[in-house]
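Source file: target_2.csv. Holds: CSV, N, CA and C atoms and all ligand atoms.
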chain,number,residue,atom,x,y,z
Q,104,MET,N,-29.5,59.0,-50.9
Q,104,MET,CA,-30.0,59.1,-52.3
Q,104,MET,C,-29.1,58.2,-53.2
Q,105,CYS,N,-29.6,57.6,-54.1
Q,105,CYS,CA,-28.8,56.9,-55.1
Q,105,CYS,C,-29.6,57.0,-56.5
Q,106,ASN,N,-28.9,56.6,-57.5
Q,106,ASN,CA,-29.5,56.7,-58.8
Q,106,ASN,C,-29.7,55.3,-59.4
Q,107,CYS,N,-30.8,55.2,-60.1
Q,107,CYS,CA,-31.1,53.9,-60.7
Q,107,CYS,C,-30.0,53.5,-61.7
Q,108,LYS,N,-29.6,52.2,-61.6
Q,108,LYS,CA,-28.5,51.8,-62.4
Q,108,LYS,C,-28.9,51.8,-63.9
Q,109,ALA,N,-30.2,51.6,-64.2
Q,109,ALA,CA,-30.6,51.4,-65.5
Q,109,ALA,C,-31.0,52.8,-66.2
Q,110,CYS,N,-31.7,53.6,-65.5
Q,110,CYS,CA,-32.2,54.9,-66.1
Q,110,CYS,C,-31.7,56.1,-65.5
Q,111,GLU,N,-30.9,56.0,-64.4
Q,111,GLU,CA,-30.3,57.2,-63.7
Q,111,GLU,C,-31.3,58.0,-63.0
Q,112,THR,N,-32.5,57.5,-62.8
Q,112,THR,CA,-33.5,58.3,-62.0
Q,112,THR,C,-33.0,58.4,-60.6
Q,113,GLU,N,-33.1,59.5,-59.9
Q,113,GLU,CA,-32.7,59.7,-58.6
Q,113,GLU,C,-33.8,59.0,-57.7
Q,114,LEU,N,-33.3,58.2,-56.7
Q,114,LEU,CA,-34.3,57.4,-55.9
Q,114,LEU,C,-34.0,57.6,-54.4
Q,115,LYS,N,-35.0,57.6,-53.6
Q,115,LYS,CA,-34.8,57.5,-52.2
Q,115,LYS,C,-34.2,56.2,-51.8
Q,116,PRO,N,-33.4,56.1,-50.7
Q,116,PRO,CA,-32.8,54.8,-50.3
Q,116,PRO,C,-33.9,53.8,-49.9
Q,117,SER,N,-35.0,54.3,-49.5
Q,117,SER,CA,-36.1,53.3,-49.1
Q,117,SER,C,-36.7,52.6,-50.2
Q,118,TYR,N,-36.6,53.1,-51.4
Q,118,TYR,CA,-37.2,52.4,-52.6
Q,118,TYR,C,-36.4,51.1,-52.9
Q,119,SER,N,-37.2,50.0,-53.1
Q,119,SER,CA,-36.6,48.8,-53.5
Q,119,SER,C,-36.4,48.7,-55.0
Q,120,TYR,N,-37.3,49.4,-55.7
Q,120,TYR,CA,-37.3,49.4,-57.2
Q,120,TYR,C,-37.4,50.8,-57.7
Q,121,CYS,N,-36.9,50.9,-58.8
Q,121,CYS,CA,-36.9,52.2,-59.5
Q,121,CYS,C,-38.3,52.6,-59.8
Q,122,ILE,N,-38.7,53.9,-59.5
Q,122,ILE,CA,-40.1,54.3,-59.7
Q,122,ILE,C,-40.4,54.5,-61.2
Q,123,ASN,N,-39.3,54.7,-61.9
Q,123,ASN,CA,-39.4,55.0,-63.3
Q,123,ASN,C,-39.4,53.7,-64.2
Q,124,CYS,N,-38.5,52.8,-63.9
Q,124,CYS,CA,-38.4,51.6,-64.8
Q,124,CYS,C,-38.5,50.3,-64.1
Q,125,GLY,N,-38.6,50.3,-62.8
Q,125,GLY,CA,-38.8,49.0,-62.1
Q,125,GLY,C,-37.5,48.2,-61.8
Q,126,TYR,N,-36.4,48.8,-62.2
Q,126,TYR,CA,-35.1,48.1,-62.0
Q,126,TYR,C,-34.8,48.0,-60.5
Q,127,PRO,N,-34.3,46.9,-59.9
Q,127,PRO,CA,-34.0,46.9,-58.5
Q,127,PRO,C,-33.1,48.0,-58.1
Q,128,ALA,N,-33.5,48.8,-57.1
Q,128,ALA,CA,-32.8,50.1,-56.8
Q,128,ALA,C,-31.7,49.9,-55.8
Q,129,CYS,N,-31.5,50.9,-55.0
Q,129,CYS,CA,-30.4,50.9,-54.0
Q,129,CYS,C,-30.3,49.6,-53.2
Q,130,GLN,N,-31.3,48.9,-53.1
Q,130,GLN,CA,-31.3,47.7,-52.3
Q,130,GLN,C,-30.2,46.7,-52.8
Q,131,SER,N,-30.0,46.7,-54.1
Q,131,SER,CA,-29.0,45.7,-54.6
Q,131,SER,C,-27.6,46.0,-54.0
Q,132,LYS,N,-27.3,47.2,-53.7
Q,132,LYS,CA,-26.0,47.6,-53.1
Q,132,LYS,C,-26.0,47.1,-51.7
Q,133,SER,N,-27.1,47.4,-50.9
Q,133,SER,CA,-27.1,47.0,-49.5
Q,133,SER,C,-27.1,45.5,-49.3
Q,134,THR,N,-27.7,44.8,-50.2
Q,134,THR,CA,-27.7,43.3,-50.1
Q,134,THR,C,-26.3,42.8,-50.3
Q,135,GLU,N,-25.6,43.4,-51.2
Q,135,GLU,CA,-24.2,43.1,-51.4
Q,135,GLU,C,-23.4,43.3,-50.1
Q,136,TYR,N,-23.7,44.4,-49.5
Q,136,TYR,CA,-23.0,44.8,-48.2
Q,136,TYR,C,-23.3,43.8,-47.1
Q,137,ILE,N,-24.6,43.4,-47.0
Q,137,ILE,CA,-25.0,42.5,-46.0
Q,137,ILE,C,-24.3,41.1,-46.3
Q,138,GLY,N,-24.2,40.8,-47.6
Q,138,GLY,CA,-23.6,39.5,-47.9
Q,138,GLY,C,-22.1,39.5,-47.5
Q,139,ASN,N,-21.4,40.6,-47.7
Q,139,ASN,CA,-20.0,40.7,-47.3
Q,139,ASN,C,-19.9,40.6,-45.8
Q,140,ALA,N,-20.7,41.4,-45.1
Q,140,ALA,CA,-20.7,41.5,-43.7
Q,140,ALA,C,-21.0,40.1,-43.1
Q,141,PHE,N,-22.0,39.4,-43.8
Q,141,PHE,CA,-22.4,38.1,-43.2
Q,141,PHE,C,-21.2,37.1,-43.4
Q,142,SER,N,-20.6,37.1,-44.5
Q,142,SER,CA,-19.5,36.0,-44.7
Q,142,SER,C,-18.4,36.2,-43.7
Q,143,SER,N,-18.0,37.5,-43.4
Q,143,SER,CA,-16.9,37.7,-42.5
Q,143,SER,C,-17.3,37.4,-41.1
Q,144,TYR,N,-18.5,37.9,-40.7
Q,144,TYR,CA,-19.1,37.6,-39.4
Q,144,TYR,C,-19.2,36.1,-39.2
Q,145,ASN,N,-19.7,35.4,-40.3
Q,145,ASN,CA,-20.0,34.0,-40.3
Q,145,ASN,C,-18.8,33.2,-40.0
Q,146,MET,N,-17.7,33.5,-40.8
Q,146,MET,CA,-16.5,32.7,-40.6
Q,146,MET,C,-16.0,32.8,-39.2
Q,147,THR,N,-15.9,34.0,-38.7
Q,147,THR,CA,-15.4,34.3,-37.4
Q,147,THR,C,-16.2,33.6,-36.3
Q,148,ALA,N,-17.5,33.7,-36.5
Q,148,ALA,CA,-18.5,33.2,-35.5
Q,148,ALA,C,-18.4,31.6,-35.5
Q,149,VAL,N,-18.4,31.0,-36.7
Q,149,VAL,CA,-18.3,29.6,-36.8
Q,149,VAL,C,-17.0,29.0,-36.2
Q,150,LEU,N,-15.9,29.7,-36.5
Q,150,LEU,CA,-14.6,29.3,-36.0
Q,150,LEU,C,-14.6,29.4,-34.5
Q,151,PHE,N,-15.1,30.6,-34.0
Q,151,PHE,CA,-15.1,30.8,-32.6
Q,151,PHE,C,-16.0,29.8,-31.8
Q,152,GLY,N,-17.2,29.6,-32.4
Q,152,GLY,CA,-18.1,28.7,-31.8
Q,152,GLY,C,-17.6,27.2,-31.8
Q,153,CYS,N,-16.9,26.9,-32.8
Q,153,CYS,CA,-16.2,25.6,-32.9
Q,153,CYS,C,-15.2,25.4,-31.8
Q,154,LEU,N,-14.3,26.4,-31.7
Q,154,LEU,CA,-13.3,26.3,-30.7
Q,154,LEU,C,-13.9,26.3,-29.3
Q,155,LEU,N,-14.8,27.2,-29.1
Q,155,LEU,CA,-15.5,27.3,-27.8
Q,155,LEU,C,-16.2,25.9,-27.4
Q,156,GLY,N,-16.9,25.4,-28.4
Q,156,GLY,CA,-17.5,24.1,-28.2
Q,156,GLY,C,-16.6,23.0,-27.9
Q,157,ALA,N,-15.4,23.0,-28.6
Q,157,ALA,CA,-14.4,22.0,-28.4
Q,157,ALA,C,-13.9,22.1,-27.0
Q,158,PHE,N,-13.7,23.3,-26.6
Q,158,PHE,CA,-13.1,23.6,-25.2
Q,158,PHE,C,-14.1,23.2,-24.1
Q,159,VAL,N,-15.4,23.5,-24.3
Q,159,VAL,CA,-16.4,23.1,-23.4
Q,159,VAL,C,-16.6,21.6,-23.4
Q,160,GLY,N,-16.5,21.0,-24.6
Q,160,GLY,CA,-16.6,19.5,-24.7
Q,160,GLY,C,-15.4,18.8,-24.0
Q,161,PHE,N,-14.3,19.5,-24.1
Q,161,PHE,CA,-13.1,18.9,-23.4
Q,161,PHE,C,-13.2,19.0,-21.9
Q,162,LEU,N,-13.8,20.1,-21.4
Q,162,LEU,CA,-14.0,20.3,-20.0
Q,162,LEU,C,-15.0,19.3,-19.5
Q,163,ALA,N,-16.0,19.0,-20.4
Q,163,ALA,CA,-17.2,18.2,-19.9
Q,163,ALA,C,-16.9,16.7,-20.2
Q,164,ARG,N,-15.7,16.3,-20.6
Q,164,ARG,CA,-15.4,14.9,-20.9
Q,164,ARG,C,-15.6,14.1,-19.6
Q,165,PRO,N,-16.0,12.8,-19.8
Q,165,PRO,CA,-16.2,12.0,-18.6
Q,165,PRO,C,-14.9,11.6,-18.0
Q,166,SER,N,-14.9,11.5,-16.7
Q,166,SER,CA,-13.7,11.0,-16.0
Q,166,SER,C,-13.6,9.5,-15.9
Q,167,VAL,N,-12.5,9.0,-15.9
Q,167,VAL,CA,-12.3,7.5,-15.8
Q,167,VAL,C,-11.9,7.2,-14.4
Q,168,MET,N,-12.5,6.0,-14.0
Q,168,MET,CA,-12.2,5.6,-12.6
Q,168,MET,C,-10.7,5.5,-12.4
Q,169,LEU,N,-10.2,5.9,-11.2
Q,169,LEU,CA,-8.8,5.9,-10.8
Q,169,LEU,C,-7.9,6.8,-11.6
Q,170,VAL,N,-8.3,7.1,-12.8
Q,170,VAL,CA,-7.4,8.0,-13.7
Q,170,VAL,C,-7.9,9.4,-13.7
Q,171,GLY,N,-9.2,9.6,-13.6
Q,171,GLY,CA,-9.7,10.9,-13.8
Q,171,GLY,C,-9.9,11.3,-15.2
Q,172,GLN,N,-10.0,12.6,-15.5
Q,172,GLN,CA,-10.2,13.0,-16.9
Q,172,GLN,C,-8.9,12.8,-17.7
Q,173,LEU,N,-9.1,12.4,-18.9
Q,173,LEU,CA,-7.9,12.1,-19.8
Q,173,LEU,C,-7.3,13.4,-20.3
Q,174,PRO,N,-6.0,13.4,-20.4
Q,174,PRO,CA,-5.3,14.6,-20.9
Q,174,PRO,C,-5.7,14.8,-22.4
Q,175,LEU,N,-5.5,16.1,-22.9
Q,175,LEU,CA,-5.9,16.5,-24.2
Q,175,LEU,C,-5.3,15.7,-25.3
Q,176,ASP,N,-4.0,15.4,-25.2
Q,176,ASP,CA,-3.3,14.6,-26.2
Q,176,ASP,C,-3.9,13.2,-26.4
Q,177,VAL,N,-4.2,12.6,-25.3
Q,177,VAL,CA,-4.9,11.2,-25.3
Q,177,VAL,C,-6.2,11.3,-26.0
Q,178,VAL,N,-7.0,12.4,-25.7
Q,178,VAL,CA,-8.3,12.6,-26.2
Q,178,VAL,C,-8.2,12.8,-27.7
Q,179,LEU,N,-7.3,13.7,-28.1
Q,179,LEU,CA,-7.2,14.1,-29.6
Q,179,LEU,C,-6.7,12.9,-30.4
Q,180,THR,N,-5.9,12.0,-29.9
Q,180,THR,CA,-5.4,10.9,-30.6
Q,180,THR,C,-6.4,9.7,-30.4
Q,181,ARG,N,-7.4,9.9,-29.7
Q,181,ARG,CA,-8.4,8.8,-29.4
Q,181,ARG,C,-7.7,7.6,-28.8
Q,182,GLY,N,-6.7,7.9,-28.0
Q,182,GLY,CA,-6.1,6.8,-27.2
Q,182,GLY,C,-5.1,5.9,-28.1
Q,183,ALA,N,-4.8,6.4,-29.3
Q,183,ALA,CA,-4.0,5.6,-30.2
Q,183,ALA,C,-2.6,5.4,-29.7
Q,184,MET,N,-2.1,6.3,-28.9
Q,184,MET,CA,-0.7,6.1,-28.4
Q,184,MET,C,-0.6,5.5,-27.0
Q,185,LEU,N,-1.8,5.0,-26.5
Q,185,LEU,CA,-1.7,4.3,-25.3
Q,185,LEU,C,-1.2,2.9,-25.4
Q,186,THR,N,-0.4,2.5,-24.4
Q,186,THR,CA,0.2,1.2,-24.5
Q,186,THR,C,-0.2,0.4,-23.2
Q,187,GLY,N,0.0,-0.9,-23.2
Q,187,GLY,CA,-0.1,-1.7,-22.0
Q,187,GLY,C,-1.5,-1.5,-21.4
Q,188,LEU,N,-1.5,-1.3,-20.1
Q,188,LEU,CA,-2.8,-1.2,-19.4
Q,188,LEU,C,-3.5,0.1,-19.8
Q,189,GLY,N,-2.8,1.0,-20.3
Q,189,GLY,CA,-3.3,2.3,-20.8
Q,189,GLY,C,-4.4,2.1,-21.9
Q,190,ARG,N,-4.2,0.9,-22.6
Q,190,ARG,CA,-5.1,0.6,-23.7
Q,190,ARG,C,-6.6,0.5,-23.2
Q,191,LEU,N,-6.7,0.2,-21.9
Q,191,LEU,CA,-8.0,0.1,-21.3
Q,191,LEU,C,-8.8,1.4,-21.4
Q,192,LEU,N,-8.0,2.5,-21.6
Q,192,LEU,CA,-8.6,3.8,-21.6
Q,192,LEU,C,-9.1,4.2,-22.9
Q,193,ILE,N,-8.8,3.4,-24.0
Q,193,ILE,CA,-9.1,3.8,-25.3
Q,193,ILE,C,-10.6,4.1,-25.5
Q,194,PRO,N,-11.5,3.2,-25.0
Q,194,PRO,CA,-13.0,3.6,-25.1
Q,194,PRO,C,-13.3,4.9,-24.5
Q,195,ALA,N,-12.7,5.2,-23.3
Q,195,ALA,CA,-13.0,6.5,-22.7
Q,195,ALA,C,-12.4,7.6,-23.5
Q,196,ALA,N,-11.2,7.4,-24.1
Q,196,ALA,CA,-10.6,8.4,-25.0
Q,196,ALA,C,-11.5,8.7,-26.2
Q,197,ARG,N,-12.0,7.6,-26.8
Q,197,ARG,CA,-12.9,7.8,-27.9
Q,197,ARG,C,-14.2,8.5,-27.5
Q,198,GLN,N,-14.7,8.2,-26.4
Q,198,GLN,CA,-15.9,8.8,-25.9
Q,198,GLN,C,-15.7,10.3,-25.7
Q,199,SER,N,-14.6,10.6,-25.0
Q,199,SER,CA,-14.2,12.0,-24.8
Q,199,SER,C,-14.0,12.8,-26.1
Q,200,PHE,N,-13.4,12.1,-27.1
Q,200,PHE,CA,-13.2,12.7,-28.4
Q,200,PHE,C,-14.5,13.0,-29.1
Q,201,ASN,N,-15.4,12.0,-29.0
Q,201,ASN,CA,-16.7,12.2,-29.6
Q,201,ASN,C,-17.5,13.3,-29.0
Q,202,ILE,N,-17.4,13.4,-27.7
Q,202,ILE,CA,-18.1,14.5,-27.0
Q,202,ILE,C,-17.5,15.9,-27.4
Q,203,MET,N,-16.2,15.9,-27.4
Q,203,MET,CA,-15.5,17.1,-27.9
Q,203,MET,C,-15.9,17.5,-29.3
Q,204,LEU,N,-16.0,16.5,-30.1
Q,204,LEU,CA,-16.3,16.8,-31.5
Q,204,LEU,C,-17.8,17.2,-31.7
Q,205,SER,N,-18.7,16.6,-30.9
Q,205,SER,CA,-20.1,17.0,-31.0
Q,205,SER,C,-20.3,18.4,-30.5
Q,206,CYS,N,-19.6,18.7,-29.4
Q,206,CYS,CA,-19.7,20.1,-28.8
Q,206,CYS,C,-19.1,21.1,-29.8
Q,207,SER,N,-18.0,20.8,-30.5
Q,207,SER,CA,-17.5,21.8,-31.4
Q,207,SER,C,-18.4,22.0,-32.6
Q,208,ILE,N,-19.1,20.9,-33.1
Q,208,ILE,CA,-20.0,21.0,-34.1
Q,208,ILE,C,-21.2,21.9,-33.7
Q,209,LEU,N,-21.7,21.6,-32.5
Q,209,LEU,CA,-22.8,22.3,-31.9
Q,209,LEU,C,-22.4,23.8,-31.8
Q,210,GLY,N,-21.2,24.0,-31.3
Q,210,GLY,CA,-20.7,25.4,-31.2
Q,210,GLY,C,-20.6,26.1,-32.5
Q,211,ALA,N,-20.2,25.4,-33.6
Q,211,ALA,CA,-20.1,26.0,-34.9
Q,211,ALA,C,-21.5,26.3,-35.4
Q,212,VAL,N,-22.4,25.4,-35.2
Q,212,VAL,CA,-23.8,25.7,-35.6
Q,212,VAL,C,-24.4,26.9,-34.8
Q,213,GLY,N,-24.1,26.9,-33.5
Q,213,GLY,CA,-24.6,28.0,-32.7
Q,213,GLY,C,-24.0,29.3,-33.1
Q,214,GLY,N,-22.7,29.3,-33.4
Q,214,GLY,CA,-22.0,30.5,-33.9
Q,214,GLY,C,-22.6,31.0,-35.2
Q,215,CYS,N,-22.9,30.0,-36.1
Q,215,CYS,CA,-23.5,30.4,-37.4
Q,215,CYS,C,-24.9,31.1,-37.2
Q,216,VAL,N,-25.7,30.5,-36.3
Q,216,VAL,CA,-27.0,31.0,-36.0
Q,216,VAL,C,-26.9,32.4,-35.4
Q,217,LEU,N,-26.0,32.5,-34.4
Q,217,LEU,CA,-25.7,33.7,-33.7
Q,217,LEU,C,-25.3,34.8,-34.7
Q,218,SER,N,-24.4,34.5,-35.6
Q,218,SER,CA,-23.9,35.5,-36.5
Q,218,SER,C,-25.0,36.0,-37.4
Q,219,LYS,N,-25.9,35.1,-37.8
Q,219,LYS,CA,-27.1,35.5,-38.6
Q,219,LYS,C,-28.0,36.5,-37.9
Q,220,VAL,N,-28.2,36.2,-36.6
Q,220,VAL,CA,-29.0,37.1,-35.8
Q,220,VAL,C,-28.4,38.4,-35.7
Q,221,LEU,N,-27.0,38.4,-35.4
Q,221,LEU,CA,-26.3,39.6,-35.3
Q,221,LEU,C,-26.3,40.5,-36.5
Q,222,VAL,N,-26.1,39.8,-37.7
Q,222,VAL,CA,-26.1,40.5,-38.9
Q,222,VAL,C,-27.5,41.1,-39.3
Q,223,GLN,N,-28.5,40.3,-39.0
Q,223,GLN,CA,-29.9,40.8,-39.2
Q,223,GLN,C,-30.1,42.1,-38.4
Q,224,LYS,N,-29.7,42.0,-37.1
Q,224,LYS,CA,-29.8,43.2,-36.2
Q,224,LYS,C,-29.0,44.4,-36.8
Q,225,HIS,N,-27.8,44.0,-37.2
Q,225,HIS,CA,-26.9,45.0,-37.8
Q,225,HIS,C,-27.5,45.7,-39.0
Q,226,ALA,N,-28.1,44.8,-39.9
Q,226,ALA,CA,-28.6,45.2,-41.1
Q,226,ALA,C,-29.9,46.0,-41.0
Q,227,SER,N,-30.6,45.8,-39.9
Q,227,SER,CA,-31.9,46.5,-39.8
Q,227,SER,C,-31.8,47.9,-39.3
Q,228,LYS,N,-30.5,48.2,-38.8
Q,228,LYS,CA,-30.3,49.6,-38.5
Q,228,LYS,C,-30.3,50.5,-39.7
Q,229,PRO,N,-30.8,51.7,-39.6
Q,229,PRO,CA,-30.8,52.6,-40.7
Q,229,PRO,C,-29.4,53.0,-41.2
M,301,ZN,ZN,-34.8,53.2,-63.4
Is it possible to give me this structure as structure tokens?
Amino acid sequence: MCNCKACETELKPSYSYCINCGYPACQSKSTEYIGNAFSSYNMTAVLFGCLLGAFVGFLARPSVMLVGQLPLDVVLTRGAMLTGLGRLLIPAARQSFNIMLSCSILGAVGGCVLSKVLVQKHASKP
């Protein structure tokens, strides 16, 4: 049970609008709650998805002939600190970096979508 904010009429929680004056009823409170739940869910899910995506992207990076997969520091700096013959690895480092970046963005988007689905499920519970 809750009361209309405008005219204090007692309303059932299922009512979206006050039966007396038409003012948006209890729903406005629950929308606020969903909003709060969504933002905290959202932030965590996006961050988690981003990290997970970056991790998967790092694991999925292409390996270079004779060298194998590049270490994380080389990938993150896009080969900037490579010297001498190591500079031949710069394109591979950039490619690995781009893959990692794409995966982290995909992960963030995936996390965002997932959090929306979770919040909707959560919110649809009575
Ligand atoms: Zn009212």
Which chains and residue numbers are within 6 Å of ligand ZN 301 (chain M), counting only N, CA and C atoms and all ligand atoms, if I want them as a PDB file with N, CA and C atoms, in the coordinates of the input?
ATOM      1  N   CYS Q 107     -30.800  55.200 -60.100  1.00  0.00           N
ATOM      2  CA  CYS Q 107     -31.100  53.900 -60.700  1.00  0.00           C
ATOM      3  C   CYS Q 107     -30.000  53.500 -61.700  1.00  0.00           C
ATOM      4  N   LYS Q 108     -29.600  52.200 -61.600  1.00  0.00           N
ATOM      5  CA  LYS Q 108     -28.500  51.800 -62.400  1.00  0.00           C
ATOM      6  C   LYS Q 108     -28.900  51.800 -63.900  1.00  0.00           C
ATOM      7  N   ALA Q 109     -30.200  51.600 -64.200  1.00  0.00           N
ATOM      8  CA  ALA Q 109     -30.600  51.400 -65.500  1.00  0.00           C
ATOM      9  C   ALA Q 109     -31.000  52.800 -66.200  1.00  0.00           C
ATOM     10  N   CYS Q 110     -31.700  53.600 -65.500  1.00  0.00           N
ATOM     11  CA  CYS Q 110     -32.200  54.900 -66.100  1.00  0.00           C
ATOM     12  C   CYS Q 110     -31.700  56.100 -65.500  1.00  0.00           C
ATOM     13  N   GLU Q 111     -30.900  56.000 -64.400  1.00  0.00           N
ATOM     14  CA  GLU Q 111     -30.300  57.200 -63.700  1.00  0.00           C
ATOM     15  C   GLU Q 111     -31.300  58.000 -63.000  1.00  0.00           C
ATOM     16  N   THR Q 112     -32.500  57.500 -62.800  1.00  0.00           N
ATOM     17  CA  THR Q 112     -33.500  58.300 -62.000  1.00  0.00           C
ATOM     18  C   THR Q 112     -33.000  58.400 -60.600  1.00  0.00           C
ATOM     19  N   CYS Q 121     -36.900  50.900 -58.800  1.00  0.00           N
ATOM     20  CA  CYS Q 121     -36.900  52.200 -59.500  1.00  0.00           C
ATOM     21  C   CYS Q 121     -38.300  52.600 -59.800  1.00  0.00           C
ATOM     22  N   ILE Q 122     -38.700  53.900 -59.500  1.00  0.00           N
ATOM     23  CA  ILE Q 122     -40.100  54.300 -59.700  1.00  0.00           C
ATOM     24  C   ILE Q 122     -40.400  54.500 -61.200  1.00  0.00           C
ATOM     25  N   ASN Q 123     -39.300  54.700 -61.900  1.00  0.00           N
ATOM     26  CA  ASN Q 123     -39.400  55.000 -63.300  1.00  0.00           C
ATOM     27  C   ASN Q 123     -39.400  53.700 -64.200  1.00  0.00           C
ATOM     28  N   CYS Q 124     -38.500  52.800 -63.900  1.00  0.00           N
ATOM     29  CA  CYS Q 124     -38.400  51.600 -64.800  1.00  0.00           C
ATOM     30  C   CYS Q 124     -38.500  50.300 -64.100  1.00  0.00           C
ATOM     31  N   GLY Q 125     -38.600  50.300 -62.800  1.00  0.00           N
ATOM     32  CA  GLY Q 125     -38.800  49.000 -62.100  1.00  0.00           C
ATOM     33  C   GLY Q 125     -37.500  48.200 -61.800  1.00  0.00           C
ATOM     34  N   TYR Q 126     -36.400  48.800 -62.200  1.00  0.00           N
ATOM     35  CA  TYR Q 126     -35.100  48.100 -62.000  1.00  0.00           C
ATOM     36  C   TYR Q 126     -34.800  48.000 -60.500  1.00  0.00           C
TER      37      TYR Q 126
END
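Among Q:Leu191, Q:Val216, Q:Leu179, Q:Ala157, the residue with the shortest atom-to-atom distance to Q:Leu204, counting all atoms listed in the file, is Q:Ala157.
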TODO: For each of Q:Met168, Q:Met184, Q:Leu162, Q:Val220, take the minimum atom-to-atom distance to Q:Met203, counting all atoms listed in the file, then give the residue where this is smallest.
DONE: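 Checking each of Q:Met168, Q:Met184, Q:Leu162, Q:Val220 against Q:Met203, counting all atoms listed in the file, the winner is Q:Leu162.
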TODO: Go through stretch 180-210 of chain Q and collect every residue that DSSP, computed from the backbone, puts in alpha helix (DSSP H); the answer should be as a list in words.
DONE: Ile193, Pro194, Ala195, Ala196, Arg197, Gln198, Ser199, Phe200, Asn201, Ile202, Met203, Leu204, Ser205, Cys206, Ser207, Ile208, Leu209 and Gly210 of chain Q
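The spacing separating atom CA of Q:Asn145 from atom CA of Q:Ile208 amounts to 14.4 Å.
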Open item on the list: If we count all atoms listed in the file and set the cut-off at 7 Å, which residues sit around Q:Gly160, ignoring sequence neighbours fewer than 5 positions away in its own chain? Please answer as a PyMOL selection string.
Closed with: chain Q and resi 155+199+202-207
Pull N, CA and C atoms from the residues just selected and write them as a PDB file, in the frame of the given file.
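Listing of again_17.pdb after writing:
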ATOM      1  N   LEU Q 155     -14.800  27.200 -29.100  1.00  0.00           N
ATOM      2  CA  LEU Q 155     -15.500  27.300 -27.800  1.00  0.00           C
ATOM      3  C   LEU Q 155     -16.200  25.900 -27.400  1.00  0.00           C
ATOM      4  N   SER Q 199     -14.600  10.600 -25.000  1.00  0.00           N
ATOM      5  CA  SER Q 199     -14.200  12.000 -24.800  1.00  0.00           C
ATOM      6  C   SER Q 199     -14.000  12.800 -26.100  1.00  0.00           C
ATOM      7  N   ILE Q 202     -17.400  13.400 -27.700  1.00  0.00           N
ATOM      8  CA  ILE Q 202     -18.100  14.500 -27.000  1.00  0.00           C
ATOM      9  C   ILE Q 202     -17.500  15.900 -27.400  1.00  0.00           C
ATOM     10  N   MET Q 203     -16.200  15.900 -27.400  1.00  0.00           N
ATOM     11  CA  MET Q 203     -15.500  17.100 -27.900  1.00  0.00           C
ATOM     12  C   MET Q 203     -15.900  17.500 -29.300  1.00  0.00           C
ATOM     13  N   LEU Q 204     -16.000  16.500 -30.100  1.00  0.00           N
ATOM     14  CA  LEU Q 204     -16.300  16.800 -31.500  1.00  0.00           C
ATOM     15  C   LEU Q 204     -17.800  17.200 -31.700  1.00  0.00           C
ATOM     16  N   SER Q 205     -18.700  16.600 -30.900  1.00  0.00           N
ATOM     17  CA  SER Q 205     -20.100  17.000 -31.000  1.00  0.00           C
ATOM     18  C   SER Q 205     -20.300  18.400 -30.500  1.00  0.00           C
ATOM     19  N   CYS Q 206     -19.600  18.700 -29.400  1.00  0.00           N
ATOM     20  CA  CYS Q 206     -19.700  20.100 -28.800  1.00  0.00           C
ATOM     21  C   CYS Q 206     -19.100  21.100 -29.800  1.00  0.00           C
ATOM     22  N   SER Q 207     -18.000  20.800 -30.500  1.00  0.00           N
ATOM     23  CA  SER Q 207     -17.500  21.800 -31.400  1.00  0.00           C
ATOM     24  C   SER Q 207     -18.400  22.000 -32.600  1.00  0.00           C
TER      25      SER Q 207
END
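Atom pair atom CA of Q:Leu188 / atom N of Q:Leu169: separated by 13.1 Å.
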TODO: Find the spatial neighbours of Q:Arg164, counting all atoms listed in the file, within a cut-off of 8 Å - ignore same-chain residues fewer than 5 positions away - and output them as an NGL selection string.
DONE: :Q and (158-159 or 171-173 or 198-200 or 202-203)
Open item on the list: So the first atom is atom CA of Q:Val212 and the second is atom CA of Q:Phe161; what is the distance between them in Å, to one decimal place?
Closed with: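 Taking atom CA of Q:Val212 as the start and atom CA of Q:Phe161 as the end point, the length is 17.6 Å.
Taking chain Q and asking which residues DSSP calls strand (DSSP E or B) on the backbone, you get Cys105, Asn106, Glu113, Leu114, Tyr120, Pro127, Val167 and Gly171 of chain Q.
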Around the point (-30.4, 56.6, -50.7), in the coordinates given by the file, pick out the residues reaching within 9 Å, counting only C-alpha atoms, and return them as a compact mmCIF listing (two decimals) with N, CA and C atoms, in the coordinates of the input.
# COMPACT_ATOMS: atom_id res chain seq x y z
N MET Q 104 -29.50 59.00 -50.90
CA MET Q 104 -30.00 59.10 -52.30
C MET Q 104 -29.10 58.20 -53.20
N CYS Q 105 -29.60 57.60 -54.10
CA CYS Q 105 -28.80 56.90 -55.10
C CYS Q 105 -29.60 57.00 -56.50
N ASN Q 106 -28.90 56.60 -57.50
CA ASN Q 106 -29.50 56.70 -58.80
C ASN Q 106 -29.70 55.30 -59.40
N GLU Q 113 -33.10 59.50 -59.90
CA GLU Q 113 -32.70 59.70 -58.60
C GLU Q 113 -33.80 59.00 -57.70
N LEU Q 114 -33.30 58.20 -56.70
CA LEU Q 114 -34.30 57.40 -55.90
C LEU Q 114 -34.00 57.60 -54.40
N LYS Q 115 -35.00 57.60 -53.60
CA LYS Q 115 -34.80 57.50 -52.20
C LYS Q 115 -34.20 56.20 -51.80
N PRO Q 116 -33.40 56.10 -50.70
CA PRO Q 116 -32.80 54.80 -50.30
C PRO Q 116 -33.90 53.80 -49.90
N SER Q 117 -35.00 54.30 -49.50
CA SER Q 117 -36.10 53.30 -49.10
C SER Q 117 -36.70 52.60 -50.20
N TYR Q 118 -36.60 53.10 -51.40
CA TYR Q 118 -37.20 52.40 -52.60
C TYR Q 118 -36.40 51.10 -52.90
N CYS Q 129 -31.50 50.90 -55.00
CA CYS Q 129 -30.40 50.90 -54.00
C CYS Q 129 -30.30 49.60 -53.20
Task: Shortest interatomic distance to Q:Val178 - which of Q:Ala163, Q:Leu217, Q:Ala196, Q:Leu154, counting only C-alpha atoms - done: Q:Ala196
